[in-house]
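Coordinates as given in structure-v5.cif (mmCIF, C-alpha atoms (C1' of nucleotides)):
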data_model
#
loop_
_atom_site.label_atom_id
_atom_site.label_comp_id
_atom_site.auth_asym_id
_atom_site.auth_seq_id
_atom_site.Cartn_x
_atom_site.Cartn_y
_atom_site.Cartn_z
CA MET A 232 -1.07 9.10 2.27
CA ARG A 233 -4.03 7.49 0.56
CA VAL A 234 -7.25 5.82 1.60
CA SER A 235 -7.48 2.19 0.50
CA ALA A 236 -10.52 0.59 -1.06
CA LYS A 237 -10.77 -1.59 2.01
CA ALA A 238 -11.03 1.35 4.39
CA ASP A 239 -13.54 3.09 2.14
CA TYR A 240 -15.66 -0.08 1.90
CA ALA A 241 -15.45 -0.66 5.65
CA VAL A 242 -16.74 2.80 6.49
CA ARG A 243 -19.53 2.55 3.94
CA ALA A 244 -20.67 -0.83 5.24
CA ALA A 245 -20.52 0.47 8.81
CA ALA A 246 -22.64 3.44 7.79
CA GLU A 247 -25.29 1.07 6.44
CA LEU A 248 -25.26 -0.84 9.71
CA ALA A 249 -25.55 2.38 11.63
CA ALA A 250 -28.60 3.33 9.64
CA ALA A 251 -30.30 -0.06 10.02
CA GLU A 252 -32.99 -0.02 12.67
CA GLU A 253 -32.78 -3.09 14.90
CA GLY A 254 -31.98 -6.55 13.75
CA PRO A 255 -29.13 -8.11 11.79
CA VAL A 256 -28.40 -7.07 8.22
CA LYS A 257 -27.18 -9.65 5.73
CA GLY A 258 -23.81 -9.22 4.06
CA GLU A 259 -25.51 -9.45 0.70
CA LYS A 260 -27.75 -6.49 1.48
CA LEU A 261 -24.78 -4.36 2.57
CA ALA A 262 -22.91 -5.33 -0.57
CA GLU A 263 -25.81 -4.30 -2.77
CA ALA A 264 -26.54 -1.08 -0.93
CA GLN A 265 -22.96 0.11 -1.31
CA ASP A 266 -21.96 -1.75 -4.45
CA ILE A 267 -19.11 -3.69 -2.86
CA PRO A 268 -17.96 -7.16 -4.04
CA LEU A 269 -19.69 -9.51 -1.63
CA GLN A 270 -16.88 -11.93 -0.84
CA PHE A 271 -14.40 -9.15 -0.29
CA LEU A 272 -16.87 -7.40 1.96
CA GLU A 273 -17.33 -10.47 4.13
CA HIS A 274 -13.60 -10.54 4.79
CA ILE A 275 -13.77 -6.91 5.80
CA LEU A 276 -16.76 -7.50 8.07
CA LEU A 277 -14.84 -10.32 9.71
CA GLU A 278 -11.99 -7.91 10.50
CA LEU A 279 -14.49 -5.44 11.92
CA LYS A 280 -15.88 -8.24 14.04
CA HIS A 281 -12.45 -9.20 15.35
CA ALA A 282 -11.88 -5.56 16.22
CA GLY A 283 -15.08 -5.58 18.27
CA ILE A 284 -16.89 -3.05 16.12
CA VAL A 285 -19.45 -5.39 14.66
CA ARG A 286 -21.24 -8.52 15.77
CA ALA A 287 -22.72 -11.27 13.68
CA ARG A 288 -25.00 -14.27 13.75
CA ARG A 289 -25.21 -17.06 11.19
CA GLY A 290 -28.14 -18.85 9.69
CA ALA A 291 -31.53 -17.66 8.54
CA LYS A 292 -32.32 -14.37 10.26
CA GLY A 293 -28.59 -13.93 10.66
CA GLY A 294 -26.46 -10.99 9.65
CA TYR A 295 -24.33 -8.19 11.06
CA TRP A 296 -24.99 -5.34 13.48
CA LEU A 297 -22.95 -2.75 15.34
CA ALA A 298 -21.53 -3.84 18.68
CA ARG A 299 -21.92 -0.32 20.08
CA PRO A 300 -24.35 2.54 19.45
CA ALA A 301 -23.64 4.39 16.22
CA ASP A 302 -22.72 7.57 18.07
CA GLU A 303 -19.97 5.73 19.93
CA VAL A 304 -18.16 4.43 16.86
CA THR A 305 -15.84 6.82 15.06
CA ILE A 306 -14.51 6.61 11.55
CA ALA A 307 -11.05 6.31 13.06
CA ASP A 308 -12.14 3.11 14.82
CA VAL A 309 -13.26 1.60 11.54
CA VAL A 310 -10.22 2.71 9.57
CA ARG A 311 -7.82 1.42 12.23
CA ALA A 312 -9.58 -1.93 12.27
CA VAL A 313 -8.80 -2.57 8.62
CA GLU A 314 -5.72 -0.44 7.89
CA GLY A 315 -3.88 -0.46 11.18
CA PRO A 316 -2.45 2.61 12.88
CA ILE A 317 -3.01 5.98 11.26
CA ALA A 318 -0.08 8.07 9.95
CA HIS A 319 2.76 5.69 10.65
CA VAL A 320 6.06 6.68 9.05
CA GLN A 321 8.08 3.85 7.55
CA SER A 322 5.81 1.46 9.49
CA ALA A 323 6.74 3.06 12.82
CA PRO A 324 4.76 5.45 15.00
CA PRO A 325 6.02 9.02 14.62
CA GLU A 326 6.68 9.47 18.32
CA SER A 327 9.28 6.71 18.18
CA ILE A 328 11.38 8.17 15.38
CA GLU A 329 14.52 10.18 15.97
CA TYR A 330 15.75 12.47 13.25
CA ARG A 331 19.27 13.80 12.87
CA GLY A 332 20.83 16.91 11.47
CA ASN A 333 18.65 19.32 9.62
CA ALA A 334 15.63 17.04 9.71
CA GLU A 335 15.41 17.17 13.49
CA HIS A 336 12.05 18.91 13.57
CA LEU A 337 10.48 16.58 11.04
CA GLN A 338 9.18 14.47 13.90
CA GLU A 339 6.98 17.34 15.03
CA VAL A 340 5.63 17.68 11.52
CA TRP A 341 4.59 14.02 11.34
CA ILE A 342 3.09 14.29 14.82
CA ALA A 343 1.09 17.29 13.62
CA VAL A 344 -0.01 15.34 10.56
CA ARG A 345 -1.31 12.56 12.74
CA ALA A 346 -2.99 14.99 15.10
CA SER A 347 -4.75 16.73 12.23
CA LEU A 348 -5.99 13.43 10.84
CA ARG A 349 -7.27 12.51 14.27
CA THR A 350 -9.21 15.72 14.66
CA VAL A 351 -11.22 14.67 11.66
CA LEU A 352 -11.41 10.89 11.95
CA GLU A 353 -11.87 10.58 15.70
CA HIS A 354 -14.59 13.21 15.88
CA VAL A 355 -16.91 11.97 13.18
CA THR A 356 -19.11 9.12 14.40
CA LEU A 357 -21.16 6.79 12.26
CA ALA A 358 -24.27 8.55 13.58
CA ASP A 359 -22.88 11.90 12.36
CA LEU A 360 -22.10 10.39 8.99
CA VAL A 361 -25.52 8.86 8.47
CA GLY A 362 -27.31 11.90 9.80
CA GLY A 363 -25.29 14.24 7.61
CA GLN A 364 -24.44 16.42 10.61
CA LEU A 365 -20.68 16.48 10.82
CA PRO A 366 -18.99 18.11 13.84
CA SER A 367 -18.42 21.80 13.32
CA GLU A 368 -14.58 21.58 13.01
CA VAL A 369 -14.99 19.01 10.29
CA SER A 370 -17.74 20.68 8.30
CA ALA A 371 -15.77 23.92 8.50
CA LEU A 372 -12.86 22.18 6.77
CA ALA A 373 -15.13 20.74 4.09
CA ALA A 374 -16.84 24.09 3.58
CA GLN A 375 -13.74 25.89 2.30
CA PRO A 376 -14.06 26.13 -1.48
CA ASP A 377 -10.44 25.27 -2.16
CA ALA A 378 -10.74 22.10 -0.12
CA TRP A 379 -12.60 20.82 -3.18
CA VAL A 380 -9.97 21.61 -5.79
CA ALA A 381 -7.19 19.24 -6.75
CA ARG A 382 -3.54 20.14 -6.48
CA MET B 133 -2.88 6.55 5.55
CA ARG B 134 0.82 6.12 6.08
CA VAL B 135 3.99 7.94 5.11
CA SER B 136 6.34 5.90 2.92
CA ALA B 137 10.08 5.64 3.39
CA LYS B 138 10.47 7.40 0.07
CA ALA B 139 8.51 10.46 1.18
CA ASP B 140 10.34 10.56 4.49
CA TYR B 141 13.72 10.31 2.75
CA ALA B 142 12.74 12.95 0.21
CA VAL B 143 11.82 15.49 2.85
CA ARG B 144 14.97 14.80 4.84
CA ALA B 145 17.20 15.20 1.80
CA ALA B 146 15.38 18.39 0.86
CA ALA B 147 15.93 19.70 4.39
CA GLU B 148 19.66 19.14 4.01
CA LEU B 149 19.64 21.01 0.71
CA ALA B 150 17.68 23.83 2.32
CA ALA B 151 20.30 24.11 5.03
CA ALA B 152 23.25 24.09 2.63
CA GLU B 153 24.63 27.54 1.99
CA GLU B 154 25.33 28.09 -1.69
CA GLY B 155 26.76 25.54 -4.03
CA PRO B 156 25.79 22.03 -5.03
CA VAL B 157 25.73 19.21 -2.48
CA LYS B 158 26.77 15.73 -3.52
CA GLY B 159 24.31 12.86 -3.27
CA GLU B 160 26.78 11.00 -1.14
CA LYS B 161 26.91 13.77 1.40
CA LEU B 162 23.12 13.90 1.64
CA ALA B 163 22.99 10.14 2.03
CA GLU B 164 25.49 10.22 4.87
CA ALA B 165 23.92 13.17 6.64
CA GLN B 166 20.53 11.51 6.75
CA ASP B 167 21.56 7.88 6.68
CA ILE B 168 19.76 7.01 3.47
CA PRO B 169 20.90 4.27 1.03
CA LEU B 170 22.78 6.22 -1.63
CA GLN B 171 21.48 4.56 -4.77
CA PHE B 172 17.92 4.72 -3.59
CA LEU B 173 18.38 8.36 -2.71
CA GLU B 174 19.64 9.22 -6.18
CA HIS B 175 16.45 7.84 -7.67
CA ILE B 176 14.46 10.01 -5.30
CA LEU B 177 16.52 13.09 -6.13
CA LEU B 178 15.88 12.43 -9.79
CA GLU B 179 12.14 12.47 -9.14
CA LEU B 180 12.53 15.72 -7.24
CA LYS B 181 14.42 17.10 -10.18
CA HIS B 182 11.73 16.07 -12.65
CA ALA B 183 9.19 17.76 -10.41
CA GLY B 184 11.20 20.97 -10.61
CA ILE B 185 12.04 21.09 -6.93
CA VAL B 186 15.73 20.40 -7.24
CA ARG B 187 18.43 21.06 -9.82
CA ALA B 188 21.63 19.18 -10.42
CA ARG B 189 24.96 19.32 -12.19
CA ARG B 190 27.28 16.41 -12.94
CA GLY B 191 30.99 16.03 -12.66
CA ALA B 192 33.48 17.30 -10.14
CA LYS B 193 31.98 20.20 -8.20
CA GLY B 194 28.61 18.80 -9.17
CA GLY B 195 25.69 17.99 -6.92
CA TYR B 196 22.15 19.02 -6.08
CA TRP B 197 20.53 22.26 -4.96
CA LEU B 198 17.04 23.63 -4.50
CA ALA B 199 15.46 25.16 -7.58
CA ARG B 200 13.60 27.69 -5.44
CA PRO B 201 14.34 29.45 -2.15
CA ALA B 202 13.78 27.20 0.87
CA ASP B 203 10.90 29.32 2.12
CA GLU B 204 9.04 28.76 -1.13
CA VAL B 205 9.11 24.97 -1.04
CA THR B 206 6.57 23.24 1.15
CA ILE B 207 6.62 19.72 2.50
CA ALA B 208 3.50 19.07 0.45
CA ASP B 209 5.48 19.87 -2.72
CA VAL B 210 8.11 17.31 -1.83
CA VAL B 211 5.66 14.62 -0.77
CA ARG B 212 3.57 15.05 -3.92
CA ALA B 213 6.66 14.78 -6.09
CA VAL B 214 7.41 11.28 -4.84
CA GLU B 215 4.06 9.91 -3.65
CA GLY B 216 1.60 11.57 -5.99
CA PRO B 217 -1.59 13.30 -4.91
CA ILE B 218 -2.35 13.47 -1.21
CA ALA B 219 -5.39 11.72 0.30
CA HIS B 220 -6.73 10.01 -2.79
CA VAL B 221 -9.45 7.45 -2.10
CA GLN B 222 -9.22 4.25 -4.13
CA SER B 223 -6.75 6.08 -6.38
CA ALA B 224 -9.28 8.80 -7.20
CA PRO B 225 -9.49 12.36 -5.90
CA PRO B 226 -12.21 12.70 -3.25
CA GLU B 227 -14.04 15.47 -5.08
CA SER B 228 -14.74 13.08 -7.96
CA ILE B 229 -16.37 10.33 -5.92
CA GLU B 230 -20.11 9.92 -5.57
CA TYR B 231 -21.45 7.97 -2.66
CA ARG B 232 -24.87 6.37 -2.43
CA GLY B 233 -27.32 5.61 0.33
CA ASN B 234 -26.20 6.09 3.87
CA ALA B 235 -22.62 6.86 2.90
CA GLU B 236 -23.60 10.00 1.04
CA HIS B 237 -21.76 12.36 3.36
CA LEU B 238 -18.58 10.32 3.34
CA GLN B 239 -17.29 12.48 0.52
CA GLU B 240 -17.27 15.50 2.83
CA VAL B 241 -15.31 13.52 5.37
CA TRP B 242 -12.58 12.60 2.90
CA ILE B 243 -12.51 16.19 1.67
CA ALA B 244 -12.03 17.31 5.27
CA VAL B 245 -9.27 14.75 5.70
CA ARG B 246 -7.45 16.14 2.71
CA ALA B 247 -7.99 19.71 3.85
CA SER B 248 -6.59 18.93 7.28
CA LEU B 249 -3.52 17.29 5.79
CA ARG B 250 -3.04 20.32 3.58
CA THR B 251 -3.17 22.74 6.47
CA VAL B 252 -0.12 21.00 7.84
CA LEU B 253 1.84 19.99 4.76
CA GLU B 254 1.26 23.08 2.64
CA HIS B 255 2.10 25.50 5.40
CA VAL B 256 5.41 24.10 6.55
CA THR B 257 8.27 25.16 4.29
CA LEU B 258 11.74 23.68 4.19
CA ALA B 259 13.00 26.89 5.77
CA ASP B 260 10.55 26.42 8.67
CA LEU B 261 11.65 22.84 9.08
CA VAL B 262 15.36 23.59 9.15
CA GLY B 263 14.91 26.62 11.36
CA GLY B 264 12.73 24.71 13.81
CA GLN B 265 10.07 27.41 13.66
CA LEU B 266 6.92 25.73 12.49
CA PRO B 267 3.86 27.84 11.67
CA SER B 268 1.66 28.45 14.69
CA GLU B 269 -1.23 26.21 13.57
CA VAL B 270 1.18 23.34 13.12
CA SER B 271 3.16 23.73 16.31
CA ALA B 272 -0.13 24.05 18.19
CA LEU B 273 -1.11 20.62 16.90
CA ALA B 274 2.23 19.12 17.86
CA ALA B 275 2.11 20.76 21.28
CA GLN B 276 -0.96 18.85 22.50
CA PRO B 277 0.29 16.11 24.83
CA ASP B 278 -2.03 13.45 23.44
CA ALA B 279 -0.79 14.08 19.94
CA TRP B 280 2.26 12.13 21.12
CA VAL B 281 0.46 9.06 22.39
CA ALA B 282 -0.33 6.07 20.21
CA ARG B 283 -3.83 4.76 19.71
"C1'" DC C 52 -33.72 -34.34 13.31
"C1'" DG C 53 -32.51 -32.44 9.09
"C1'" DC C 54 -32.03 -28.85 6.05
"C1'" DG C 55 -31.19 -24.43 4.28
"C1'" DC C 56 -29.35 -20.13 5.28
"C1'" DT C 57 -25.60 -17.18 6.49
"C1'" DC C 58 -21.42 -16.28 8.42
"C1'" DC C 59 -16.49 -17.97 8.92
"C1'" DT C 60 -11.94 -19.28 7.39
"C1'" DG C 61 -8.08 -20.34 4.80
"C1'" DA C 62 -6.03 -20.88 0.33
"C1'" DC C 63 -5.10 -18.93 -3.66
"C1'" DC C 64 -4.20 -15.40 -7.38
"C1'" DA C 65 -2.62 -11.42 -10.36
"C1'" DA C 66 -0.98 -6.94 -10.37
"C1'" DA C 67 1.13 -3.27 -8.24
"C1'" DG C 68 3.98 -0.94 -4.84
"C1'" DA C 69 7.77 -0.66 -1.44
"C1'" DG C 70 12.39 -0.58 -0.81
"C1'" DG C 71 16.03 -1.38 -2.55
"C1'" DT C 72 20.60 -3.03 -5.73
"C1'" DC C 73 23.41 -3.18 -10.08
"C1'" DA C 74 25.45 -1.91 -14.33
"C1'" DG C 75 26.35 1.23 -17.53
"C1'" DG C 76 26.03 5.80 -19.94
"C1'" DA C 77 26.45 10.88 -20.29
"C1'" DA C 78 27.90 15.44 -18.89
"C1'" DA C 79 31.08 18.49 -16.29
"C1'" DG C 80 35.51 19.89 -14.52
"C1'" DT C 81 40.72 19.67 -14.48
"C1'" DA D 149 41.90 11.92 -21.31
"C1'" DC D 150 40.32 10.96 -17.04
"C1'" DT D 151 37.87 11.36 -12.91
"C1'" DT D 152 33.87 12.65 -10.76
"C1'" DT D 153 29.12 12.84 -10.25
"C1'" DC D 154 24.62 12.64 -11.91
"C1'" DC D 155 21.29 9.94 -14.94
"C1'" DT D 156 18.66 5.95 -16.40
"C1'" DG D 157 16.80 1.57 -16.92
"C1'" DA D 158 16.71 -3.12 -15.57
"C1'" DC D 159 16.26 -6.09 -12.09
"C1'" DC D 160 15.29 -8.08 -7.46
"C1'" DT D 161 12.56 -9.70 -3.22
"C1'" DC D 162 8.80 -9.10 -0.27
"C1'" DT D 163 4.46 -7.22 1.01
"C1'" DT D 164 0.13 -5.13 0.02
"C1'" DT D 165 -3.96 -4.52 -2.61
"C1'" DG D 166 -8.06 -6.08 -4.28
"C1'" DG D 167 -10.02 -9.60 -5.08
"C1'" DT D 168 -12.05 -14.96 -5.99
"C1'" DC D 169 -13.00 -19.88 -4.64
"C1'" DA D 170 -14.12 -23.85 -1.90
"C1'" DG D 171 -15.49 -25.70 2.04
"C1'" DG D 172 -16.88 -25.75 7.01
"C1'" DA D 173 -19.46 -24.40 11.15
"C1'" DG D 174 -23.23 -22.53 13.64
"C1'" DC D 175 -28.12 -20.94 13.72
"C1'" DG D 176 -33.17 -21.19 13.12
"C1'" DC D 177 -37.18 -23.54 11.45
"C1'" DG D 178 -40.35 -27.08 10.02
#

Let me see the file written as structure tokens.
Amino acid sequence: MRVSAKADYAVRAAAELAAAEEGPVKGEKLAEAQDIPLQFLEHILLELKHAGIVRARRGAKGGYWLARPADEVTIADVVRAVEGPIAHVQSAPPESIEYRGNAEHLQEVWIAVRASLRTVLEHVTLADLVGGQLPSEVSALAAQPDAWVAR
Amino acid sequence: MRVSAKADYAVRAAAELAAAEEGPVKGEKLAEAQDIPLQFLEHILLELKHAGIVRARRGAKGGYWLARPADEVTIADVVRAVEGPIAHVQSAPPESIEYRGNAEHLQEVWIAVRASLRTVLEHVTLADLVGGQLPSEVSALAAQPDAWVAR
DNA sequence: CGCGCTCCTGACCAAAGAGGTCAGGAAAGT
DNA sequence: ACTTTCCTGACCTCTTTGGTCAGGAGCGCG
């Protein structure tokens, strides 16, 4: 139930790419802008490339750029590319699990957990993130004062 | 962004305790009812005990029971007891993280993620789970057909 | 062509976590 | 006293996390 450094880095790097106007951005520049270890970042960017989120060119004038417009890439896309499926239980998708006895309805709970994560992650695009204009459902969640307190 | 076996087991065992009418339940019985490795389960129950969710007595007629009524224990309580804080980013709470440059608004996103998880996990009690009557916000999430499809 | 730049890839590494098992000790009941 | 059951720590294997290092492969430019 936690967000890994890799996922956090991936989203931050993708946000920088989303903000870059035209033309490839070097890994080194992304690493500096977001304070991410360069070599680790390049591995992450490679995963994003394999997932079809990012493209790259080598050599002078090379670098990375988004494969699709920034308003067509969601945070869920980026997170899935580096962390795999969201909200798996015991490494299995919740819809495939059968519970017995008094835990029978637990499946619905995990399904609801996944659905609630999706309503946030699949609705925020990189363009939203860079522009600071989150979708209304999401900013409503973040606007509640007790969303900001630890438990 | 996944649910560990430990958290899953913990909730299932707690559901069995919630369903048990009066009197301690043996670890072995819980393990059988939910098909959980006994020795692993006892470690989990110990953590639940340290968190004040469960009580226990040894010896013949011993066993485990809930420290509070089943409608006063949420799934979030149980998950936190065994997995620690929900939705931490890089092992830190989202409200403590400062993002730079184009990722500035990422903090709000992670806050919204945590808030959305809380609306599910903190509102479902063990009594709800055992009774199959989930709170309306939660069952509404689980009722959407595409909540059940993988992505 | 050659050369430098930048991405690409795999190997490696240390520490921690996941998912357990095992052996023994300590309380409770009979 | 003896059985039952919880309690605790040590240990185990395998994977993941969060990196680093070394070298290779493609691209653009003079």

Since chain B and chain A share a sequence, can you fit the second onto the first over all C-alpha atoms in order and output it as a compact mmCIF listing (two decimals) with C-alpha atoms, in the frame of the given file?
# COMPACT_ATOMS: atom_id res chain seq x y z
CA MET A 232 -2.86 6.53 5.54
CA ARG A 233 0.86 6.10 6.05
CA VAL A 234 4.01 7.94 5.11
CA SER A 235 6.34 5.90 2.90
CA ALA A 236 10.07 5.63 3.37
CA LYS A 237 10.47 7.41 0.06
CA ALA A 238 8.51 10.46 1.18
CA ASP A 239 10.34 10.55 4.50
CA TYR A 240 13.73 10.31 2.74
CA ALA A 241 12.75 12.96 0.20
CA VAL A 242 11.82 15.49 2.86
CA ARG A 243 14.97 14.79 4.85
CA ALA A 244 17.20 15.19 1.81
CA ALA A 245 15.39 18.39 0.86
CA ALA A 246 15.93 19.70 4.38
CA GLU A 247 19.67 19.13 4.01
CA LEU A 248 19.64 21.02 0.73
CA ALA A 249 17.70 23.82 2.32
CA ALA A 250 20.29 24.11 5.03
CA ALA A 251 23.26 24.06 2.64
CA GLU A 252 24.66 27.52 2.03
CA GLU A 253 25.37 28.09 -1.66
CA GLY A 254 26.79 25.55 -4.01
CA PRO A 255 25.82 22.03 -5.01
CA VAL A 256 25.75 19.21 -2.48
CA LYS A 257 26.78 15.72 -3.53
CA GLY A 258 24.31 12.86 -3.27
CA GLU A 259 26.79 10.98 -1.15
CA LYS A 260 26.91 13.77 1.43
CA LEU A 261 23.10 13.89 1.65
CA ALA A 262 22.98 10.13 2.04
CA GLU A 263 25.48 10.21 4.88
CA ALA A 264 23.92 13.17 6.65
CA GLN A 265 20.52 11.50 6.75
CA ASP A 266 21.56 7.86 6.68
CA ILE A 267 19.74 7.00 3.46
CA PRO A 268 20.88 4.26 1.02
CA LEU A 269 22.76 6.20 -1.63
CA GLN A 270 21.45 4.56 -4.79
CA PHE A 271 17.88 4.73 -3.61
CA LEU A 272 18.36 8.37 -2.72
CA GLU A 273 19.63 9.23 -6.18
CA HIS A 274 16.44 7.85 -7.68
CA ILE A 275 14.46 10.02 -5.31
CA LEU A 276 16.53 13.10 -6.13
CA LEU A 277 15.89 12.44 -9.80
CA GLU A 278 12.14 12.48 -9.15
CA LEU A 279 12.52 15.73 -7.24
CA LYS A 280 14.43 17.11 -10.19
CA HIS A 281 11.73 16.09 -12.65
CA ALA A 282 9.19 17.78 -10.41
CA GLY A 283 11.21 20.99 -10.60
CA ILE A 284 12.05 21.10 -6.92
CA VAL A 285 15.73 20.40 -7.23
CA ARG A 286 18.43 21.07 -9.78
CA ALA A 287 21.63 19.19 -10.40
CA ARG A 288 24.96 19.32 -12.14
CA ARG A 289 27.28 16.42 -12.90
CA GLY A 290 31.00 16.07 -12.65
CA ALA A 291 33.51 17.28 -10.11
CA LYS A 292 32.00 20.20 -8.20
CA GLY A 293 28.62 18.80 -9.16
CA GLY A 294 25.71 17.98 -6.91
CA TYR A 295 22.16 19.01 -6.08
CA TRP A 296 20.57 22.26 -4.94
CA LEU A 297 17.06 23.63 -4.49
CA ALA A 298 15.47 25.17 -7.57
CA ARG A 299 13.62 27.71 -5.43
CA PRO A 300 14.35 29.45 -2.12
CA ALA A 301 13.79 27.19 0.88
CA ASP A 302 10.91 29.32 2.12
CA GLU A 303 9.05 28.76 -1.14
CA VAL A 304 9.12 24.97 -1.04
CA THR A 305 6.56 23.23 1.15
CA ILE A 306 6.61 19.72 2.49
CA ALA A 307 3.50 19.07 0.43
CA ASP A 308 5.48 19.87 -2.73
CA VAL A 309 8.11 17.31 -1.83
CA VAL A 310 5.65 14.62 -0.78
CA ARG A 311 3.56 15.06 -3.93
CA ALA A 312 6.66 14.79 -6.09
CA VAL A 313 7.42 11.29 -4.85
CA GLU A 314 4.05 9.92 -3.67
CA GLY A 315 1.60 11.59 -6.00
CA PRO A 316 -1.60 13.30 -4.91
CA ILE A 317 -2.35 13.50 -1.21
CA ALA A 318 -5.40 11.73 0.30
CA HIS A 319 -6.73 10.02 -2.79
CA VAL A 320 -9.45 7.45 -2.10
CA GLN A 321 -9.24 4.25 -4.12
CA SER A 322 -6.76 6.08 -6.39
CA ALA A 323 -9.29 8.81 -7.20
CA PRO A 324 -9.51 12.37 -5.91
CA PRO A 325 -12.22 12.70 -3.25
CA GLU A 326 -14.06 15.45 -5.08
CA SER A 327 -14.76 13.06 -7.94
CA ILE A 328 -16.38 10.31 -5.89
CA GLU A 329 -20.12 9.91 -5.54
CA TYR A 330 -21.47 7.96 -2.62
CA ARG A 331 -24.89 6.36 -2.39
CA GLY A 332 -27.31 5.58 0.37
CA ASN A 333 -26.20 6.06 3.91
CA ALA A 334 -22.62 6.84 2.94
CA GLU A 335 -23.61 9.98 1.06
CA HIS A 336 -21.77 12.35 3.38
CA LEU A 337 -18.58 10.31 3.36
CA GLN A 338 -17.31 12.47 0.53
CA GLU A 339 -17.28 15.49 2.83
CA VAL A 340 -15.32 13.51 5.38
CA TRP A 341 -12.59 12.60 2.89
CA ILE A 342 -12.53 16.19 1.66
CA ALA A 343 -12.05 17.31 5.26
CA VAL A 344 -9.28 14.75 5.69
CA ARG A 345 -7.47 16.14 2.70
CA ALA A 346 -8.01 19.71 3.84
CA SER A 347 -6.60 18.94 7.27
CA LEU A 348 -3.53 17.30 5.78
CA ARG A 349 -3.03 20.32 3.57
CA THR A 350 -3.17 22.74 6.46
CA VAL A 351 -0.13 21.00 7.84
CA LEU A 352 1.83 19.99 4.75
CA GLU A 353 1.26 23.07 2.62
CA HIS A 354 2.11 25.51 5.39
CA VAL A 355 5.41 24.10 6.54
CA THR A 356 8.27 25.16 4.27
CA LEU A 357 11.73 23.67 4.18
CA ALA A 358 13.00 26.90 5.77
CA ASP A 359 10.55 26.42 8.67
CA LEU A 360 11.66 22.84 9.07
CA VAL A 361 15.36 23.60 9.13
CA GLY A 362 14.91 26.62 11.34
CA GLY A 363 12.73 24.71 13.78
CA GLN A 364 10.07 27.42 13.64
CA LEU A 365 6.91 25.73 12.48
CA PRO A 366 3.84 27.84 11.64
CA SER A 367 1.68 28.45 14.67
CA GLU A 368 -1.25 26.20 13.55
CA VAL A 369 1.17 23.35 13.10
CA SER A 370 3.16 23.75 16.30
CA ALA A 371 -0.13 24.07 18.18
CA LEU A 372 -1.12 20.62 16.89
CA ALA A 373 2.23 19.14 17.85
CA ALA A 374 2.10 20.78 21.28
CA GLN A 375 -0.95 18.85 22.48
CA PRO A 376 0.30 16.11 24.81
CA ASP A 377 -2.02 13.45 23.44
CA ALA A 378 -0.79 14.09 19.92
CA TRP A 379 2.26 12.16 21.10
CA VAL A 380 0.49 9.06 22.37
CA ALA A 381 -0.31 6.07 20.20
CA ARG A 382 -3.81 4.77 19.70

My list of candidates is B:Leu180, B:Val241, B:Ile229, B:Ala202. Which is closest to Glu148 (chain B) when distances are computed with all atoms listed in the file?
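The shortest atom-to-atom distance to Glu148 (chain B) comes from B:Ala202.
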
When you look at DA78 (chain C) with a cut-off of 9 Å (counting all atoms listed in the file), what residues show up, excluding the ones that are within fewer than 5 positions of it in the same chain? I need them as number ranges by chain.
B: 189-191; D: 154

Considering only C-alpha atoms (C1' of nucleotides), tabulate each residue of region 162-233 of chain B that lies at most 12 Å from region 62-76 of chain C along with its nearest interatomic pair and the corresponding distance in Å to one decimal; arrange the rows by chain and ascending residue number and present them as CSV.
residue,atom,partner,partner_atom,distance
B:Ile168,CA,C:DG71,C1',11.0
B:Pro169,CA,C:DG71,C1',8.3
B:Leu170,CA,C:DG71,C1',10.2
B:Gln171,CA,C:DT72,C1',7.7
B:Phe172,CA,C:DG71,C1',6.5
B:Leu173,CA,C:DG71,C1',10.0
B:Glu174,CA,C:DG71,C1',11.8
B:His175,CA,C:DG71,C1',10.6
B:Ile176,CA,C:DG70,C1',11.7
B:Glu215,CA,C:DG68,C1',10.9

Close residues, Thr251 (chain B) itself excluded, 12 Å, only C-alpha atoms (C1' of nucleotides), min 4 positions apart in chain, as a PyMOL selection string:
(chain A and resi 340+343-344+346-348+372+375+377-378) or (chain B and resi 206-208+244-247+255-257+267-271+273)

Determine, using only C-alpha atoms (C1' of nucleotides), which residues of chain B have any atom at most 12 Å from an atom of chain D, and tabulate each with its shortest atom pair and distance in Å to one decimal place, rows ordered by chain and then rising number, as CSV.
residue,atom,partner,partner_atom,distance
B:Pro156,CA,D:DT153,C1',11.1
B:Val157,CA,D:DT153,C1',10.6
B:Lys158,CA,D:DT153,C1',7.7
B:Gly159,CA,D:DT153,C1',8.5
B:Glu160,CA,D:DT153,C1',9.6
B:Lys161,CA,D:DT153,C1',11.9
B:Gln171,CA,D:DC154,C1',11.2
B:Leu173,CA,D:DC154,C1',11.9
B:Glu174,CA,D:DC154,C1',8.3
B:His175,CA,D:DC155,C1',9.0
B:Ile176,CA,D:DC155,C1',11.8
B:Leu177,CA,D:DC154,C1',10.0
B:Leu178,CA,D:DC155,C1',7.9
B:Glu179,CA,D:DC155,C1',11.1
B:Lys181,CA,D:DC155,C1',11.0
B:His182,CA,D:DC155,C1',11.6
B:Arg187,CA,D:DC154,C1',10.7
B:Ala188,CA,D:DC154,C1',7.3
B:Arg189,CA,D:DC154,C1',6.7
B:Arg190,CA,D:DC154,C1',4.7
B:Gly191,CA,D:DT153,C1',4.4
B:Ala192,CA,D:DT152,C1',4.7
B:Lys193,CA,D:DT153,C1',8.2
B:Gly194,CA,D:DT153,C1',6.1
B:Gly195,CA,D:DT153,C1',7.0
B:Tyr196,CA,D:DC154,C1',9.0
B:Gln222,CA,D:DT165,C1',10.3
B:Ser223,CA,D:DT165,C1',11.6

Exactly which residues make up the result of the PyMOL selection byres ((chain A) within 7 of (chain B)) on this file, given as a VMD selection string?
chain A and resid 232 to 236 243 246 to 247 250 264 to 265 317 to 321 326 331 to 334 336 to 337 339 342 to 344 346 to 348 351 360 to 361 363 369 372 to 373 378 to 379
